[in-house]
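> File follows, my_file-v1.tsv with TSV, C-alpha atoms:
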chain	number	residue	atom	x	y	z
A	225	MET	CA	-11.99	-107.42	5.32
A	226	LYS	CA	-8.97	-109.04	6.87
A	227	LYS	CA	-7.88	-107.30	10.01
A	228	ILE	CA	-4.28	-106.06	9.91
A	229	LYS	CA	-2.20	-107.63	12.64
A	230	LYS	CA	-0.56	-105.22	15.07
A	231	ILE	CA	2.90	-105.60	16.55
A	232	LYS	CA	4.59	-103.88	19.47
A	233	ILE	CA	8.10	-102.48	19.19
A	234	LYS	CA	10.23	-100.16	21.30
A	235	ILE	CA	11.59	-96.89	19.97
A	236	ASN	CA	13.98	-95.08	22.31
A	237	GLY	CA	12.55	-97.04	25.20
A	238	LYS	CA	8.94	-96.22	24.40
A	239	ILE	CA	6.47	-98.90	23.33
A	240	LYS	CA	4.81	-98.27	19.97
A	241	SER	CA	2.11	-100.23	18.25
A	242	LEU	CA	2.56	-100.68	14.49
A	243	ASN	CA	1.05	-102.67	11.68
A	244	GLN	CA	2.86	-105.91	11.06
A	245	ASP	CA	5.50	-105.65	8.32
A	246	SER	CA	5.83	-101.89	8.82
A	247	ASN	CA	8.77	-100.43	7.03
A	248	LEU	CA	11.50	-98.75	9.13
A	249	SER	CA	11.80	-95.88	6.70
A	250	LEU	CA	8.10	-95.09	7.00
A	251	VAL	CA	8.20	-95.22	10.80
A	252	LEU	CA	11.09	-92.73	10.84
A	253	LYS	CA	9.28	-90.51	8.37
A	254	ASN	CA	6.18	-90.44	10.56
A	255	LEU	CA	8.33	-89.43	13.52
A	256	LYS	CA	9.86	-86.64	11.38
A	257	ILE	CA	13.38	-87.87	12.07
A	258	PRO	CA	16.02	-85.85	10.16
A	259	LEU	CA	18.04	-88.77	8.80
A	260	ASN	CA	21.17	-86.73	8.11
A	261	LYS	CA	21.43	-85.81	11.80
A	262	VAL	CA	20.89	-89.16	13.50
A	263	ALA	CA	22.19	-92.70	13.79
A	264	ILE	CA	19.88	-95.69	14.11
A	265	GLU	CA	20.25	-99.01	15.84
A	266	LEU	CA	17.94	-101.97	15.35
A	267	ASN	CA	18.30	-104.55	18.12
A	268	GLU	CA	21.69	-103.10	19.04
A	269	GLU	CA	23.03	-103.26	15.51
A	270	ILE	CA	23.78	-100.09	13.59
A	271	ILE	CA	21.63	-99.70	10.50
A	272	ASP	CA	23.00	-98.33	7.25
A	273	LYS	CA	20.73	-95.32	6.70
A	274	LYS	CA	20.77	-95.94	2.96
A	275	LYS	CA	19.12	-99.31	3.46
A	276	ILE	CA	16.23	-98.39	5.75
A	277	ASN	CA	13.73	-98.76	2.91
A	278	LYS	CA	14.38	-102.48	2.85
A	279	ILE	CA	13.94	-103.08	6.57
A	280	LYS	CA	10.67	-104.52	7.79
A	281	LEU	CA	9.99	-104.41	11.50
A	282	ASN	CA	9.09	-107.42	13.60
A	283	LYS	CA	7.47	-107.99	16.96
A	284	ASN	CA	9.60	-106.82	19.94
A	285	ASP	CA	12.16	-105.03	17.78
A	286	LYS	CA	14.13	-102.39	19.64
A	287	ILE	CA	15.04	-99.23	17.79
A	288	GLU	CA	17.37	-96.56	19.10
A	289	ILE	CA	17.61	-93.21	17.35
A	290	VAL	CA	20.39	-90.95	18.61
A	291	HIS	CA	21.75	-87.52	17.77
A	292	PHE	CA	24.23	-84.99	19.11
A	293	ILE	CA	23.32	-82.81	22.04
A	294	GLY	CA	25.30	-80.40	24.21
A	295	GLY	CA	27.94	-82.11	26.32
A	296	GLY	CA	31.39	-81.63	27.81
B	294	MET	CA	57.03	-61.20	18.91
B	295	VAL	CA	56.09	-64.83	18.71
B	296	ASN	CA	54.44	-65.66	15.45
B	297	LEU	CA	51.44	-67.55	16.71
B	298	LYS	CA	49.88	-67.72	13.27
B	299	LYS	CA	52.20	-70.53	12.28
B	300	ASP	CA	51.80	-72.18	15.65
B	301	SER	CA	48.89	-74.48	14.82
B	302	LEU	CA	47.53	-77.27	16.93
B	303	ILE	CA	47.66	-80.48	14.91
B	304	ILE	CA	45.49	-83.42	15.93
B	305	ALA	CA	45.36	-86.53	13.75
B	306	ASN	CA	46.80	-84.53	10.80
B	307	LYS	CA	44.14	-81.84	11.12
B	308	LYS	CA	45.25	-78.25	11.71
B	309	PHE	CA	43.55	-75.91	14.15
B	310	ASN	CA	44.39	-72.31	14.93
B	311	SER	CA	42.70	-72.24	18.32
B	312	ARG	CA	44.10	-74.24	21.21
B	313	LEU	CA	40.92	-73.93	23.19
B	314	ILE	CA	38.36	-76.72	22.91
B	315	VAL	CA	35.01	-76.07	24.54
B	316	GLY	CA	32.17	-78.26	25.69
B	317	THR	CA	28.58	-77.57	24.68
B	318	GLY	CA	26.88	-78.80	27.86
B	319	LYS	CA	25.31	-76.96	30.81
B	320	TYR	CA	24.35	-73.77	28.94
B	321	LYS	CA	20.99	-72.12	29.62
B	322	SER	CA	20.05	-72.33	25.96
B	323	MET	CA	21.46	-73.32	22.60
B	324	THR	CA	21.64	-69.66	21.61
B	325	GLU	CA	23.80	-68.92	24.65
B	326	CYS	CA	25.98	-71.93	23.89
B	327	ALA	CA	26.49	-70.90	20.25
B	328	LYS	CA	27.42	-67.34	21.20
B	329	ALA	CA	29.87	-68.43	23.89
B	330	ILE	CA	31.57	-70.77	21.41
B	331	LYS	CA	31.91	-67.98	18.89
B	332	LEU	CA	33.46	-65.66	21.47
B	333	SER	CA	35.85	-68.36	22.68
B	334	GLY	CA	37.25	-68.73	19.16
B	335	ALA	CA	37.15	-72.52	19.60
B	336	GLU	CA	37.26	-74.60	16.43
B	337	ILE	CA	36.51	-77.89	18.17
B	338	VAL	CA	33.52	-78.51	20.42
B	339	THR	CA	32.62	-81.63	22.35
B	340	VAL	CA	29.14	-83.05	21.93
B	341	ALA	CA	27.27	-85.92	23.57
B	342	VAL	CA	25.32	-88.73	21.87
B	343	ARG	CA	21.82	-89.16	23.26
B	344	ARG	CA	18.39	-90.44	22.29
B	345	VAL	CA	16.28	-88.24	20.03
B	346	ASN	CA	13.18	-86.99	21.84
B	347	ILE	CA	10.55	-88.70	19.72
B	348	SER	CA	7.60	-87.18	21.55
B	349	ASP	CA	8.67	-83.58	20.93
B	350	LYS	CA	9.41	-83.31	17.23
B	351	ASN	CA	10.00	-79.57	17.38
B	352	LYS	CA	12.76	-79.67	19.98
B	353	PRO	CA	15.73	-77.55	18.80
B	354	LEU	CA	18.71	-79.50	17.46
B	355	LEU	CA	22.31	-78.66	18.29
B	356	MET	CA	23.29	-78.88	14.63
B	357	ASP	CA	20.87	-76.05	13.84
B	358	TYR	CA	22.82	-73.76	16.17
B	359	ILE	CA	26.39	-74.93	15.70
B	360	ASP	CA	27.24	-75.76	12.10
B	361	PRO	CA	29.33	-78.94	11.97
B	362	LYS	CA	30.75	-77.76	8.65
B	363	LYS	CA	32.31	-74.75	10.35
B	364	ILE	CA	33.11	-76.13	13.79
B	365	THR	CA	34.61	-79.58	14.32
B	366	TYR	CA	32.30	-81.74	16.41
B	367	LEU	CA	34.13	-83.98	18.83
B	368	PRO	CA	31.65	-86.66	19.93
B	369	ASN	CA	32.30	-87.86	23.46
B	370	THR	CA	31.31	-90.86	25.52
B	371	ALA	CA	30.24	-88.92	28.59
B	372	GLY	CA	28.09	-91.07	30.85
B	373	CYS	CA	29.70	-94.35	29.75
B	374	PHE	CA	31.01	-96.53	32.54
B	375	ASN	CA	32.51	-99.40	30.57
B	376	SER	CA	34.21	-100.14	27.28
B	377	LYS	CA	31.10	-101.73	25.72
B	378	GLU	CA	28.98	-98.62	26.25
B	379	ALA	CA	31.75	-96.31	25.05
B	380	LEU	CA	32.35	-98.29	21.86
B	381	ARG	CA	28.63	-98.45	21.11
B	382	THR	CA	28.32	-94.68	21.58
B	383	LEU	CA	31.23	-93.79	19.32
B	384	ARG	CA	30.24	-96.23	16.58
B	385	LEU	CA	26.84	-94.53	16.58
B	386	ALA	CA	28.50	-91.10	16.55
B	387	ARG	CA	30.49	-92.08	13.48
B	388	GLU	CA	27.32	-93.27	11.80
B	389	ILE	CA	25.61	-89.91	12.25
B	390	GLY	CA	27.84	-88.48	9.59
B	391	GLY	CA	31.34	-89.81	9.43
B	392	TRP	CA	32.84	-88.52	12.67
B	393	LYS	CA	36.18	-90.26	13.09
B	394	LEU	CA	37.76	-87.82	15.51
B	395	VAL	CA	36.28	-88.67	18.90
B	396	LYS	CA	36.80	-88.12	22.59
B	397	LEU	CA	36.90	-91.28	24.65
B	398	GLU	CA	35.88	-90.92	28.26
B	399	VAL	CA	35.13	-94.02	30.33
B	400	LEU	CA	34.22	-93.11	33.86
B	401	GLY	CA	34.79	-95.32	36.86
B	402	ASP	CA	32.99	-93.63	39.72
B	403	LYS	CA	29.74	-91.70	39.71
B	404	LYS	CA	30.82	-89.35	42.49
B	405	ASN	CA	34.35	-88.30	41.62
B	406	LEU	CA	34.00	-89.03	37.87
B	407	PHE	CA	37.57	-90.27	37.65
B	408	PRO	CA	38.28	-92.27	34.51
B	409	ASP	CA	38.40	-96.07	34.61
B	410	MET	CA	41.78	-96.43	32.95
B	411	ILE	CA	41.57	-100.18	32.37
B	412	GLU	CA	38.35	-99.82	30.38
B	413	THR	CA	39.75	-96.69	28.72
B	414	LEU	CA	42.86	-98.50	27.57
B	415	LYS	CA	40.85	-101.44	26.19
B	416	SER	CA	38.55	-99.08	24.29
B	417	THR	CA	41.43	-97.05	22.86
B	418	GLU	CA	42.95	-100.18	21.32
B	419	VAL	CA	39.67	-101.23	19.69
B	420	LEU	CA	38.82	-97.75	18.41
B	421	ALA	CA	42.28	-97.20	16.93
B	422	LYS	CA	42.00	-100.54	15.09
B	423	GLU	CA	38.58	-99.51	13.76
B	424	GLY	CA	40.07	-96.39	12.24
B	425	PHE	CA	38.93	-93.82	14.77
B	426	ASN	CA	41.15	-90.93	15.80
B	427	VAL	CA	40.89	-91.10	19.55
B	428	MET	CA	41.47	-88.26	21.96
B	429	VAL	CA	41.57	-89.89	25.37
B	430	TYR	CA	40.42	-88.45	28.67
B	431	CYS	CA	42.68	-89.93	31.32
B	432	ASN	CA	44.20	-89.62	34.72
B	433	ASP	CA	47.32	-87.51	35.17
B	434	ASP	CA	49.40	-90.67	35.35
B	435	PRO	CA	52.54	-90.67	33.15
B	436	LEU	CA	52.68	-94.47	32.95
B	437	MET	CA	49.07	-94.76	31.83
B	438	ALA	CA	49.63	-91.93	29.33
B	439	LYS	CA	52.46	-93.99	27.85
B	440	ARG	CA	50.25	-97.05	27.61
B	441	LEU	CA	47.57	-95.01	25.84
B	442	GLU	CA	50.12	-93.72	23.38
B	443	SER	CA	51.24	-97.23	22.48
B	444	SER	CA	47.60	-98.30	22.17
B	445	GLY	CA	47.04	-95.83	19.34
B	446	ALA	CA	45.69	-92.68	21.02
B	447	ASP	CA	45.83	-89.52	18.92
B	448	ALA	CA	45.80	-87.12	21.87
B	449	ILE	CA	46.36	-87.50	25.59
B	450	MET	CA	43.88	-85.58	27.70
B	451	PRO	CA	44.68	-85.74	31.40
B	452	LEU	CA	42.36	-84.17	33.92
B	453	ALA	CA	43.42	-81.12	35.91
B	454	ALA	CA	40.98	-82.09	38.67
B	455	PRO	CA	37.62	-83.92	38.78
B	456	ILE	CA	35.16	-83.01	35.99
B	457	GLY	CA	33.20	-79.88	36.80
B	458	SER	CA	35.11	-79.27	40.06
B	459	GLY	CA	36.74	-75.99	39.04
B	460	LEU	CA	39.77	-76.83	41.20
B	461	GLY	CA	42.42	-76.12	38.56
B	462	ILE	CA	45.58	-78.15	37.93
B	463	GLN	CA	46.31	-80.26	40.98
B	464	ASN	CA	49.41	-82.06	39.84
B	465	LYS	CA	51.67	-79.87	37.76
B	466	ILE	CA	54.61	-82.23	38.10
B	467	ASN	CA	52.75	-85.14	36.49
B	468	ILE	CA	51.56	-82.95	33.66
B	469	GLN	CA	55.15	-81.82	33.03
B	470	ILE	CA	56.39	-85.41	33.08
B	471	ILE	CA	53.72	-86.41	30.56
B	472	ARG	CA	54.73	-83.39	28.44
B	473	LYS	CA	58.36	-84.46	28.43
B	474	GLN	CA	57.61	-88.03	27.40
B	475	THR	CA	55.10	-87.52	24.61
B	476	LYS	CA	55.00	-85.83	21.24
B	477	LEU	CA	51.26	-86.43	20.98
B	478	PRO	CA	48.95	-83.47	21.52
B	479	LEU	CA	48.57	-83.02	25.28
B	480	ILE	CA	45.33	-81.38	26.23
B	481	ILE	CA	44.14	-80.62	29.74
B	482	ASP	CA	40.59	-81.89	30.01
B	483	ALA	CA	38.35	-81.22	32.99
B	484	GLY	CA	38.61	-79.45	36.29
B	485	LEU	CA	39.55	-75.92	35.26
B	486	GLY	CA	37.78	-73.13	37.14
B	487	GLN	CA	39.00	-69.82	35.79
B	488	ALA	CA	40.95	-68.40	32.88
B	489	SER	CA	44.31	-68.36	34.71
B	490	ASP	CA	44.07	-72.15	35.10
B	491	ALA	CA	44.19	-72.38	31.31
B	492	THR	CA	47.24	-70.11	31.20
B	493	ILE	CA	49.01	-72.37	33.71
B	494	ALA	CA	48.18	-75.44	31.61
B	495	MET	CA	49.64	-73.79	28.52
B	496	GLU	CA	52.73	-72.61	30.43
B	497	LEU	CA	53.36	-76.20	31.51
B	498	GLY	CA	53.67	-76.99	27.82
B	499	CYS	CA	50.25	-78.40	27.09
B	500	ASP	CA	49.05	-78.11	23.51
B	501	GLY	CA	45.56	-77.08	24.44
B	502	VAL	CA	42.80	-77.10	27.04
B	503	LEU	CA	39.23	-78.33	27.05
B	504	VAL	CA	36.76	-76.30	29.09
B	505	ASN	CA	33.04	-76.64	29.61
B	506	THR	CA	31.67	-75.89	33.09
B	507	ALA	CA	34.01	-72.98	33.84
B	508	ILE	CA	32.54	-71.08	30.88
B	509	ALA	CA	28.97	-72.38	30.82
B	510	LYS	CA	28.38	-71.90	34.54
B	511	ALA	CA	30.29	-68.62	34.97
B	512	LYS	CA	28.06	-65.71	36.04
B	513	LYS	CA	28.85	-64.14	32.67
B	514	PRO	CA	29.55	-66.97	30.22
B	515	PHE	CA	30.30	-64.70	27.24
B	516	GLU	CA	32.92	-62.71	29.12
B	517	MET	CA	34.41	-65.91	30.51
B	518	ALA	CA	34.58	-67.43	27.01
B	519	LEU	CA	36.61	-64.44	25.91
B	520	ALA	CA	38.77	-64.59	29.05
B	521	PHE	CA	39.61	-68.26	28.32
B	522	LYS	CA	40.45	-67.43	24.71
B	523	ASN	CA	42.91	-64.77	25.84
B	524	ALA	CA	44.26	-66.91	28.67
B	525	VAL	CA	45.15	-69.76	26.31
B	526	ILE	CA	46.90	-67.37	23.91
B	527	ALA	CA	48.79	-65.71	26.80
B	528	GLY	CA	49.86	-69.07	28.22
B	529	ARG	CA	51.06	-70.34	24.87
B	530	GLN	CA	53.02	-67.12	24.19
B	531	SER	CA	54.56	-67.30	27.65
B	532	TYR	CA	55.57	-70.95	27.16
B	533	LYS	CA	57.10	-70.28	23.75
B	534	SER	CA	58.97	-67.23	25.07
B	535	GLY	CA	61.04	-69.23	27.59
B	536	ARG	CA	60.58	-68.15	31.17
B	537	ILE	CA	63.45	-66.98	33.42
B	538	ASP	CA	65.04	-69.31	35.96
B	539	LYS	CA	63.68	-69.20	39.48
B	540	ILE	CA	66.14	-67.95	42.12
B	541	LEU	CA	65.79	-67.76	45.85
B	542	MET	CA	67.06	-64.20	46.47
B	543	GLY	CA	66.27	-60.81	44.94
B	544	ASN	CA	67.97	-59.58	41.78
B	545	PRO	CA	67.54	-55.83	41.11
B	546	SER	CA	66.13	-54.77	37.78
B	547	SER	CA	68.00	-51.44	37.75
B	548	PRO	CA	71.80	-51.32	37.33
B	549	SER	CA	73.79	-50.84	40.55
B	550	LYS	CA	76.54	-48.93	38.64
B	551	GLY	CA	76.21	-45.13	38.79
B	552	ILE	CA	74.11	-44.99	41.94
B	553	ILE	CA	74.45	-41.47	43.41
Would you mind writing the file's structure down as structure tokens?

Amino acid sequence: MKKIKKIKIKINGKIKSLNQDSNLSLVLKNLKIPLNKVAIELNEEIIDKKKINKIKLNKNDKIEIVHFIGGG
Amino acid sequence: MVNLKKDSLIIANKKFNSRLIVGTGKYKSMTECAKAIKLSGAEIVTVAVRRVNISDKNKPLLMDYIDPKKITYLPNTAGCFNSKEALRTLRLAREIGGWKLVKLEVLGDKKNLFPDMIETLKSTEVLAKEGFNVMVYCNDDPLMAKRLESSGADAIMPLAAPIGSGLGIQNKINIQIIRKQTKLPLIIDAGLGQASDATIAMELGCDGVLVNTAIAKAKKPFEMALAFKNAVIAGRQSYKSGRIDKILMGNPSSPSKGII
């Protein structure tokens, strides 16, 4: 069987190892991210949350997932 | 009696009954924060944009405690030290769910937390062009306030004193000058320490005050939230009622005619 190639990406500053061609939507689902309460950046560009199904992740991609917290 | 019911605070065409805006930081817990907000009567709360904790999926979320459908979230740029960071933060905030009303705060110094007004001005221009409604944290400088107004700010928010200092309004004259020159909502942001500071701000003619630390870090935050609510109402009523002129000498309150 052909071995699936792994890639390394960064999510919120933490390195994660994923299968090559992983889908962004699946990654967010695995992290249990509530999509209606966050915003997502891929390599410093804001991602339209409606289109995450179509986004495949590549080596060294940087994802930022942010939400609202208490602040003054 | 002053009819305060018709005396709404209007920011970017949105009407609010409360003139007190509160921050959601520095509370012991989200439950405490939510209760203090309720007691304060605030309809707008500031919130920060930060990374989701991806290693703790069960961490409580602010939105589960404070319903953004009932309370207006005002995303801020706290912790941003240049225009690039501030713009990135607010564009992300808008993406979370359509937040157009935002608080811009670009700091210039990590110790005194004074705003960097050059970066603030640049950011205001860009945000206004991108369709944001920008409430701008700024210095108590009338000239800079004017520049912000012509750059498209929706509210001018001068500091009373450094953020979190609790020193109260340090420069009443500047605040009054800014009041005289602008029709934009003028909101004192930062530096208040106790409820009477809010009353003074309102008596100077400000349209509202923004308080975080003074409530969150009070020994009894719930009581202080209530005190600020009342203080803002008292200050507004006092301002609208027209104070007496100040005179140097005494003026008896009882008639001198008919003294035995």
> Would you please work out which residue, of B:Ile304, B:Ala371, B:Ile449, B:Met437, is nearest to chain A when using all atoms listed in the file?
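When distances to chain A are compared using all atoms listed in the file, the smallest one comes from B:Ala371.
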> Rounded to one decimal in Å, what is the spacing between CA of Ala438 in chain B and CA of Asn369 in chain B?
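Rounded to one decimal, the two atoms are 18.7 Å apart.
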> For chain B, which residue among A:Leu266, A:Ile279, A:Ile257, A:Leu248 is the nearest when counting only C-alpha atoms?
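Result for the nearest residue to chain B: A:Ile257.
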> Using only C-alpha atoms, determine which residues of chain B fall within 6 Å of chain A; present them as a short mmCIF file (atom, residue, chain, number, x, y, z; two decimals) with C-alpha atoms, in the coordinates of the input.

data_model
loop_
_atom_site.label_atom_id
_atom_site.label_comp_id
_atom_site.auth_asym_id
_atom_site.auth_seq_id
_atom_site.Cartn_x
_atom_site.Cartn_y
_atom_site.Cartn_z
CA GLY B 316 32.17 -78.26 25.69
CA THR B 317 28.58 -77.57 24.68
CA GLY B 318 26.88 -78.80 27.86
CA THR B 339 32.62 -81.63 22.35
CA VAL B 340 29.14 -83.05 21.93
CA ALA B 341 27.27 -85.92 23.57
CA VAL B 342 25.32 -88.73 21.87
CA ARG B 343 21.82 -89.16 23.26
CA ARG B 344 18.39 -90.44 22.29
CA VAL B 345 16.28 -88.24 20.03
CA LEU B 355 22.31 -78.66 18.29
CA LEU B 385 26.84 -94.53 16.58
CA GLU B 388 27.32 -93.27 11.80
CA ILE B 389 25.61 -89.91 12.25
CA ASN B 505 33.04 -76.64 29.61
#
> Which distance in Å separates CA of Lys253 in chain A and CA of Lys234 in chain A, to one decimal?
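Going from CA of Lys253 in chain A over to CA of Lys234 in chain A, I get 16.2 Å.
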> Enclose the full set of atoms of range 278-288 of chain A listed in the file within a box whose edges lie along x, y and z, apply 6 Å of padding to each of the six sides, and report centre and edge lengths in Å to one decimal as AutoDock Vina command-line options.

--center_x 12.4 --center_y -102.3 --center_z 11.4 --size_x 21.9 --size_y 23.4 --size_z 29.1
> At what distance in Å, to one decimal, does CA of Val504 in chain B lie from CA of Ile314 in chain B?
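Going from CA of Ile314 in chain B over to CA of Val504 in chain B, I get 6.4 Å.
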